[in-house]
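Trainee: I have a structure here, written as structure tokens, and I will follow up with some questions on it.
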Amino acid sequence: HLQLVEAGGGLAQPGGSLRLSCTASGDTLESFDVGWFRQIPGKEREGISCISRNTDFKYYTDSVNGRFTISRDNARNTVFLHMDQLKPEDTADYYCAAELGLARIATIQEMCAHEGLFGFWGQGTQVTVSS
């Protein structure tokens, strides 16, 4: 049974960087498609970046494209979200999610648009961007 734990959130200044990690236990994360989602207070949770099982496909929503980078470290059973050029509007609770076999039924963009496709979720980590 896959379990996910996010880490790396905290306070950052505008223009700064943070690296979030999503570390798995109970199974091999390399076999799963993985997404990062965030929920801004008062708004619905949105998918911001997804990575396919074989790392061939990555997706970024427009608001983070060019600033955030998703990557895998299979040796550490971890997926990272490296966030640069942080803005106050990036303040949110960030969640990682994983699921098997999504590439058979959805494009990488569709994965990120439909959080219901993911069955395994972490508990979230809070990111605050403020001066």
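Residues in the structure tokens are named by chain (A, B, ... in the order shown) and by number from 1 within that chain; ligands are numbered from 1 in the order shown.
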At a cut-off of 9 Å, using only C-alpha atoms, what residues contact A:Gly10? Leave out same-chain residues fewer than 2 positions from it and give the result as a PDB file with all heavy atoms, in the first residue's frame.

Mentor:
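Contents of out_22.pdb, freshly written:
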```pdb
ATOM      1  N   GLY A   8       9.264  19.999   2.868  1.00  0.00           N
ATOM      2  CA  GLY A   8       9.955  21.091   2.197  1.00  0.00           C
ATOM      3  C   GLY A   8       9.212  22.397   2.152  1.00  0.00           C
ATOM      4  O   GLY A   8       9.735  23.411   1.676  1.00  0.00           O
ATOM      5  N   ALA A  12       8.872  31.518   2.350  1.00  0.00           N
ATOM      6  CA  ALA A  12       9.857  31.998   1.393  1.00  0.00           C
ATOM      7  C   ALA A  12       9.522  33.434   1.023  1.00  0.00           C
ATOM      8  O   ALA A  12       8.359  33.845   1.066  1.00  0.00           O
ATOM      9  CB  ALA A  12       9.875  31.127   0.137  1.00  0.00           C
ATOM     10  N   LEU A  18      11.939  27.216  -3.164  1.00  0.00           N
ATOM     11  CA  LEU A  18      11.729  26.105  -2.246  1.00  0.00           C
ATOM     12  C   LEU A  18      11.736  24.826  -3.062  1.00  0.00           C
ATOM     13  O   LEU A  18      11.394  24.830  -4.254  1.00  0.00           O
ATOM     14  CB  LEU A  18      10.382  26.224  -1.518  1.00  0.00           C
ATOM     15  CG  LEU A  18      10.226  27.245  -0.398  1.00  0.00           C
ATOM     16  CD1 LEU A  18       8.779  27.277   0.080  1.00  0.00           C
ATOM     17  CD2 LEU A  18      11.153  26.925   0.774  1.00  0.00           C
ATOM     18  N   THR A 125       1.775  19.910   2.466  1.00  0.00           N
ATOM     19  CA  THR A 125       2.764  20.770   3.124  1.00  0.00           C
ATOM     20  C   THR A 125       2.437  22.214   2.750  1.00  0.00           C
ATOM     21  O   THR A 125       2.050  22.504   1.615  1.00  0.00           O
ATOM     22  CB  THR A 125       4.203  20.394   2.703  1.00  0.00           C
ATOM     23  OG1 THR A 125       5.137  21.164   3.463  1.00  0.00           O
ATOM     24  CG2 THR A 125       4.454  20.627   1.219  1.00  0.00           C
ATOM     25  N   GLN A 126       2.578  23.094   3.720  1.00  0.00           N
ATOM     26  CA  GLN A 126       2.151  24.473   3.513  1.00  0.00           C
ATOM     27  C   GLN A 126       3.298  25.318   2.993  1.00  0.00           C
ATOM     28  O   GLN A 126       4.422  25.246   3.501  1.00  0.00           O
ATOM     29  CB  GLN A 126       1.640  25.052   4.837  1.00  0.00           C
ATOM     30  CG  GLN A 126       0.983  26.412   4.701  1.00  0.00           C
ATOM     31  CD  GLN A 126       0.347  26.843   6.014  1.00  0.00           C
ATOM     32  OE1 GLN A 126       1.007  26.888   7.056  1.00  0.00           O
ATOM     33  NE2 GLN A 126      -0.924  27.145   5.975  1.00  0.00           N
ATOM     34  N   VAL A 127       2.998  26.132   2.005  1.00  0.00           N
ATOM     35  CA  VAL A 127       3.971  27.073   1.454  1.00  0.00           C
ATOM     36  C   VAL A 127       3.403  28.486   1.609  1.00  0.00           C
ATOM     37  O   VAL A 127       2.267  28.746   1.209  1.00  0.00           O
ATOM     38  CB  VAL A 127       4.251  26.785  -0.033  1.00  0.00           C
ATOM     39  CG1 VAL A 127       5.077  27.910  -0.659  1.00  0.00           C
ATOM     40  CG2 VAL A 127       4.969  25.445  -0.182  1.00  0.00           C
ATOM     41  N   THR A 128       4.199  29.356   2.195  1.00  0.00           N
ATOM     42  CA  THR A 128       3.814  30.752   2.340  1.00  0.00           C
ATOM     43  C   THR A 128       4.885  31.620   1.703  1.00  0.00           C
ATOM     44  O   THR A 128       6.072  31.490   2.031  1.00  0.00           O
ATOM     45  CB  THR A 128       3.656  31.137   3.815  1.00  0.00           C
ATOM     46  OG1 THR A 128       2.671  30.286   4.420  1.00  0.00           O
ATOM     47  CG2 THR A 128       3.214  32.587   3.956  1.00  0.00           C
ATOM     48  N   VAL A 129       4.472  32.472   0.787  1.00  0.00           N
ATOM     49  CA  VAL A 129       5.403  33.376   0.119  1.00  0.00           C
ATOM     50  C   VAL A 129       5.036  34.797   0.535  1.00  0.00           C
ATOM     51  O   VAL A 129       3.978  35.316   0.183  1.00  0.00           O
ATOM     52  CB  VAL A 129       5.341  33.239  -1.406  1.00  0.00           C
ATOM     53  CG1 VAL A 129       6.390  34.154  -2.060  1.00  0.00           C
ATOM     54  CG2 VAL A 129       5.558  31.788  -1.823  1.00  0.00           C
TER      55      VAL A 129
END
```

Trainee: In chain A, what's strand (DSSP E) per DSSP? Answer as a ChimeraX atom specification?

Mentor: /A:3-7,10-12,18-25,32-39,46-51,58-60,68-73,78-83,92-100,120-121,125-129

Trainee: I'd like the contact shell of A:Gly26 - 7 Å cut-off, only C-alpha atoms, skipping same-chain residues fewer than 3 positions apart - returned as number ranges by chain.

Mentor: A: 1-3

Trainee: For those residues, write N, CA, C and O atoms to a file as a PDB file, in the first residue's frame.

Mentor:
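Below is the file that was written, out.pdb:
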```pdb
ATOM      1  N   HIS A   1       0.848  -1.175   0.000  1.00  0.00           N
ATOM      2  CA  HIS A   1       0.000   0.000   0.000  1.00  0.00           C
ATOM      3  C   HIS A   1       0.888   1.230   0.000  1.00  0.00           C
ATOM      4  O   HIS A   1       1.664   1.446   0.914  1.00  0.00           O
ATOM      5  N   LEU A   2       0.754   2.063  -1.035  1.00  0.00           N
ATOM      6  CA  LEU A   2       1.607   3.234  -1.175  1.00  0.00           C
ATOM      7  C   LEU A   2       1.227   4.314  -0.173  1.00  0.00           C
ATOM      8  O   LEU A   2       0.050   4.634  -0.013  1.00  0.00           O
ATOM      9  N   GLN A   3       2.215   4.863   0.483  1.00  0.00           N
ATOM     10  CA  GLN A   3       2.014   6.020   1.353  1.00  0.00           C
ATOM     11  C   GLN A   3       2.949   7.127   0.900  1.00  0.00           C
ATOM     12  O   GLN A   3       4.095   6.865   0.547  1.00  0.00           O
TER      13      GLN A   3
END
```

Trainee: Find the residues near A:Arg67: any atom within 12 Å, counting only C-alpha atoms, skip ones fewer than 4 places away on the same chain, and give them as an MDAnalysis selection string.

Mentor: chainID A and resid 15:19 48:49 60:63 81:87 90

Trainee: Could the residues in this selection be saved with all heavy atoms as a short mmCIF file (atom, residue, chain, number, x, y, z; two decimals), in the first residue's frame?

Mentor:
```cif
data_model
loop_
_atom_site.label_atom_id
_atom_site.label_comp_id
_atom_site.auth_asym_id
_atom_site.auth_seq_id
_atom_site.Cartn_x
_atom_site.Cartn_y
_atom_site.Cartn_z
N GLY A 15 10.29 35.89 -5.02
CA GLY A 15 11.51 35.72 -5.80
C GLY A 15 12.40 34.59 -5.33
O GLY A 15 13.37 34.24 -6.00
N GLY A 16 12.08 34.03 -4.18
CA GLY A 16 12.88 32.95 -3.62
C GLY A 16 12.52 31.59 -4.17
O GLY A 16 11.73 31.46 -5.12
N SER A 17 13.12 30.57 -3.57
CA SER A 17 12.94 29.20 -4.02
C SER A 17 12.64 28.27 -2.86
O SER A 17 13.06 28.52 -1.73
CB SER A 17 14.21 28.70 -4.72
OG SER A 17 14.52 29.49 -5.86
N LEU A 18 11.94 27.22 -3.16
CA LEU A 18 11.73 26.11 -2.25
C LEU A 18 11.74 24.83 -3.06
O LEU A 18 11.39 24.83 -4.25
CB LEU A 18 10.38 26.22 -1.52
CG LEU A 18 10.23 27.25 -0.40
CD1 LEU A 18 8.78 27.28 0.08
CD2 LEU A 18 11.15 26.93 0.77
N ARG A 19 12.12 23.74 -2.42
CA ARG A 19 12.02 22.44 -3.07
C ARG A 19 11.15 21.53 -2.22
O ARG A 19 11.49 21.22 -1.08
CB ARG A 19 13.39 21.79 -3.27
CG ARG A 19 13.31 20.53 -4.12
CD ARG A 19 14.66 19.87 -4.33
NE ARG A 19 15.15 19.22 -3.14
CZ ARG A 19 16.16 18.36 -3.11
NH1 ARG A 19 16.80 18.06 -4.23
NH2 ARG A 19 16.56 17.82 -1.98
N ILE A 48 -1.00 21.37 -10.61
CA ILE A 48 -0.03 22.33 -11.14
C ILE A 48 1.10 21.67 -11.91
O ILE A 48 1.71 22.30 -12.78
CB ILE A 48 0.55 23.23 -10.03
CG1 ILE A 48 1.22 22.40 -8.94
CG2 ILE A 48 -0.54 24.13 -9.45
CD1 ILE A 48 2.01 23.24 -7.95
N SER A 49 1.40 20.42 -11.61
CA SER A 49 2.46 19.75 -12.34
C SER A 49 2.30 18.24 -12.20
O SER A 49 1.98 17.76 -11.12
CB SER A 49 3.84 20.17 -11.83
OG SER A 49 4.87 19.58 -12.59
N TYR A 60 3.01 21.31 -16.82
CA TYR A 60 2.96 22.42 -15.87
C TYR A 60 1.78 23.31 -16.25
O TYR A 60 1.60 23.65 -17.43
CB TYR A 60 4.24 23.26 -15.93
CG TYR A 60 5.49 22.48 -15.64
CD1 TYR A 60 6.25 21.93 -16.66
CD2 TYR A 60 5.92 22.27 -14.33
CE1 TYR A 60 7.40 21.20 -16.40
CE2 TYR A 60 7.06 21.55 -14.06
CZ TYR A 60 7.80 21.01 -15.11
OH TYR A 60 8.93 20.30 -14.84
N THR A 61 1.01 23.69 -15.26
CA THR A 61 -0.04 24.65 -15.55
C THR A 61 0.58 26.00 -15.87
O THR A 61 1.73 26.29 -15.49
CB THR A 61 -1.01 24.74 -14.35
OG1 THR A 61 -2.19 25.39 -14.74
CG2 THR A 61 -0.38 25.47 -13.20
N ASP A 62 -0.16 26.83 -16.56
CA ASP A 62 0.39 28.10 -17.05
C ASP A 62 0.97 28.95 -15.92
O ASP A 62 1.99 29.63 -16.09
CB ASP A 62 -0.68 28.89 -17.79
CG ASP A 62 -1.00 28.30 -19.15
OD1 ASP A 62 -0.23 27.45 -19.62
OD2 ASP A 62 -2.04 28.68 -19.72
N SER A 63 0.33 28.92 -14.77
CA SER A 63 0.75 29.81 -13.69
C SER A 63 2.11 29.46 -13.10
O SER A 63 2.73 30.30 -12.43
CB SER A 63 -0.31 29.81 -12.57
OG SER A 63 -0.47 28.51 -12.05
N LEU A 81 9.38 18.83 -6.42
CA LEU A 81 8.87 20.00 -7.11
C LEU A 81 9.75 21.16 -6.71
O LEU A 81 9.68 21.65 -5.58
CB LEU A 81 7.41 20.29 -6.75
CG LEU A 81 6.80 21.44 -7.55
CD1 LEU A 81 6.61 21.04 -9.01
CD2 LEU A 81 5.44 21.86 -6.94
N HIS A 82 10.62 21.57 -7.63
CA HIS A 82 11.51 22.69 -7.36
C HIS A 82 10.82 23.96 -7.82
O HIS A 82 10.44 24.08 -8.98
CB HIS A 82 12.85 22.52 -8.09
CG HIS A 82 13.89 23.46 -7.62
ND1 HIS A 82 14.88 23.10 -6.74
CD2 HIS A 82 14.09 24.77 -7.87
CE1 HIS A 82 15.66 24.14 -6.49
NE2 HIS A 82 15.20 25.16 -7.16
N MET A 83 10.65 24.89 -6.88
CA MET A 83 9.88 26.11 -7.15
C MET A 83 10.81 27.32 -7.08
O MET A 83 11.41 27.60 -6.03
CB MET A 83 8.76 26.25 -6.12
CG MET A 83 7.88 25.00 -6.02
SD MET A 83 6.44 25.23 -4.96
CE MET A 83 7.21 25.44 -3.37
N ASP A 84 10.94 27.99 -8.19
CA ASP A 84 11.75 29.21 -8.28
C ASP A 84 10.85 30.41 -8.53
O ASP A 84 9.69 30.26 -8.92
CB ASP A 84 12.76 29.09 -9.43
CG ASP A 84 13.86 28.08 -9.16
OD1 ASP A 84 14.29 27.99 -8.00
OD2 ASP A 84 14.30 27.39 -10.11
N GLN A 85 11.42 31.58 -8.36
CA GLN A 85 10.71 32.84 -8.64
C GLN A 85 9.34 32.86 -7.97
O GLN A 85 8.33 33.21 -8.59
CB GLN A 85 10.57 33.05 -10.14
CG GLN A 85 11.89 33.06 -10.90
CD GLN A 85 11.67 33.07 -12.40
OE1 GLN A 85 10.90 33.87 -12.92
NE2 GLN A 85 12.34 32.16 -13.09
N LEU A 86 9.32 32.47 -6.72
CA LEU A 86 8.06 32.35 -6.00
C LEU A 86 7.35 33.70 -5.89
O LEU A 86 8.00 34.76 -5.77
CB LEU A 86 8.29 31.76 -4.61
CG LEU A 86 8.55 30.25 -4.60
CD1 LEU A 86 9.14 29.83 -3.27
CD2 LEU A 86 7.27 29.50 -4.88
N LYS A 87 6.03 33.63 -5.96
CA LYS A 87 5.17 34.79 -5.87
C LYS A 87 4.22 34.64 -4.69
O LYS A 87 3.91 33.51 -4.29
CB LYS A 87 4.36 34.94 -7.16
CG LYS A 87 5.18 35.01 -8.44
CD LYS A 87 4.27 35.04 -9.66
CE LYS A 87 5.07 35.09 -10.95
NZ LYS A 87 4.19 35.12 -12.14
N ASP A 90 1.57 32.08 -4.93
CA ASP A 90 1.91 30.65 -4.81
C ASP A 90 1.62 30.13 -3.40
O ASP A 90 1.76 28.93 -3.15
CB ASP A 90 3.39 30.42 -5.13
CG ASP A 90 3.73 30.70 -6.58
OD1 ASP A 90 2.93 30.32 -7.46
OD2 ASP A 90 4.80 31.30 -6.83
#
```

Trainee: For A:Phe32, find every residue with an atom within 10 Å (counting only C-alpha atoms), except residues of its own chain fewer than 4 positions away, and show them as a ChimeraX atom specification.

Mentor: /A:2,27-28,51-54,97-103,118,120

Trainee: Next, the residues of the selection above should be written as a tab-separated table (two decimals), in the first residue's frame with N, CA, C and O atoms.

Mentor:
```tsv
chain	number	residue	atom	x	y	z
A	2	LEU	N	0.75	2.06	-1.04
A	2	LEU	CA	1.61	3.23	-1.18
A	2	LEU	C	1.23	4.31	-0.17
A	2	LEU	O	0.05	4.63	-0.01
A	27	ASP	N	5.69	0.99	-1.51
A	27	ASP	CA	5.70	0.60	-2.92
A	27	ASP	C	6.74	1.45	-3.65
A	27	ASP	O	7.33	2.37	-3.06
A	28	THR	N	6.96	1.15	-4.90
A	28	THR	CA	7.97	1.84	-5.69
A	28	THR	C	7.31	2.97	-6.47
A	28	THR	O	6.53	2.73	-7.40
A	51	ILE	N	3.97	14.28	-13.66
A	51	ILE	CA	5.06	13.58	-14.33
A	51	ILE	C	4.64	12.14	-14.55
A	51	ILE	O	4.07	11.50	-13.66
A	52	SER	N	4.90	11.65	-15.74
A	52	SER	CA	4.50	10.29	-16.06
A	52	SER	C	5.45	9.28	-15.42
A	52	SER	O	6.57	9.62	-15.01
A	53	ARG	N	5.00	8.07	-15.37
A	53	ARG	CA	5.76	6.99	-14.75
A	53	ARG	C	7.17	6.87	-15.31
A	53	ARG	O	8.13	6.72	-14.57
A	54	ASN	N	7.29	6.96	-16.63
A	54	ASN	CA	8.60	6.78	-17.25
A	54	ASN	C	9.33	8.09	-17.45
A	54	ASN	O	10.36	8.13	-18.12
A	97	ALA	N	0.28	13.43	-5.26
A	97	ALA	CA	-0.64	12.33	-5.46
A	97	ALA	C	-0.05	11.37	-6.47
A	97	ALA	O	0.76	11.78	-7.33
A	98	ALA	N	-0.45	10.12	-6.40
A	98	ALA	CA	0.11	9.11	-7.29
A	98	ALA	C	-0.96	8.10	-7.67
A	98	ALA	O	-1.93	7.88	-6.93
A	99	GLU	N	-0.76	7.50	-8.82
A	99	GLU	CA	-1.67	6.45	-9.25
A	99	GLU	C	-0.97	5.61	-10.30
A	99	GLU	O	-0.06	6.07	-10.99
A	100	LEU	N	-1.41	4.38	-10.42
A	100	LEU	CA	-0.86	3.46	-11.41
A	100	LEU	C	-1.62	3.56	-12.73
A	100	LEU	O	-2.83	3.71	-12.75
A	101	GLY	N	-0.87	3.49	-13.80
A	101	GLY	CA	-1.48	3.27	-15.10
A	101	GLY	C	-2.30	4.39	-15.68
A	101	GLY	O	-3.09	4.15	-16.60
A	102	LEU	N	-2.13	5.61	-15.21
A	102	LEU	CA	-2.96	6.69	-15.73
A	102	LEU	C	-2.68	7.00	-17.20
A	102	LEU	O	-3.55	7.46	-17.92
A	103	ALA	N	-1.45	6.73	-17.62
A	103	ALA	CA	-1.09	7.05	-19.00
A	103	ALA	C	-1.92	6.25	-20.00
A	103	ALA	O	-2.02	6.64	-21.17
A	118	PHE	N	-6.38	10.20	-9.16
A	118	PHE	CA	-5.31	9.78	-8.26
A	118	PHE	C	-5.89	9.17	-7.00
A	118	PHE	O	-6.72	9.78	-6.34
A	120	PHE	N	-3.85	7.86	-4.39
A	120	PHE	CA	-2.94	7.93	-3.25
A	120	PHE	C	-2.50	9.39	-3.06
A	120	PHE	O	-2.03	10.02	-4.01
```
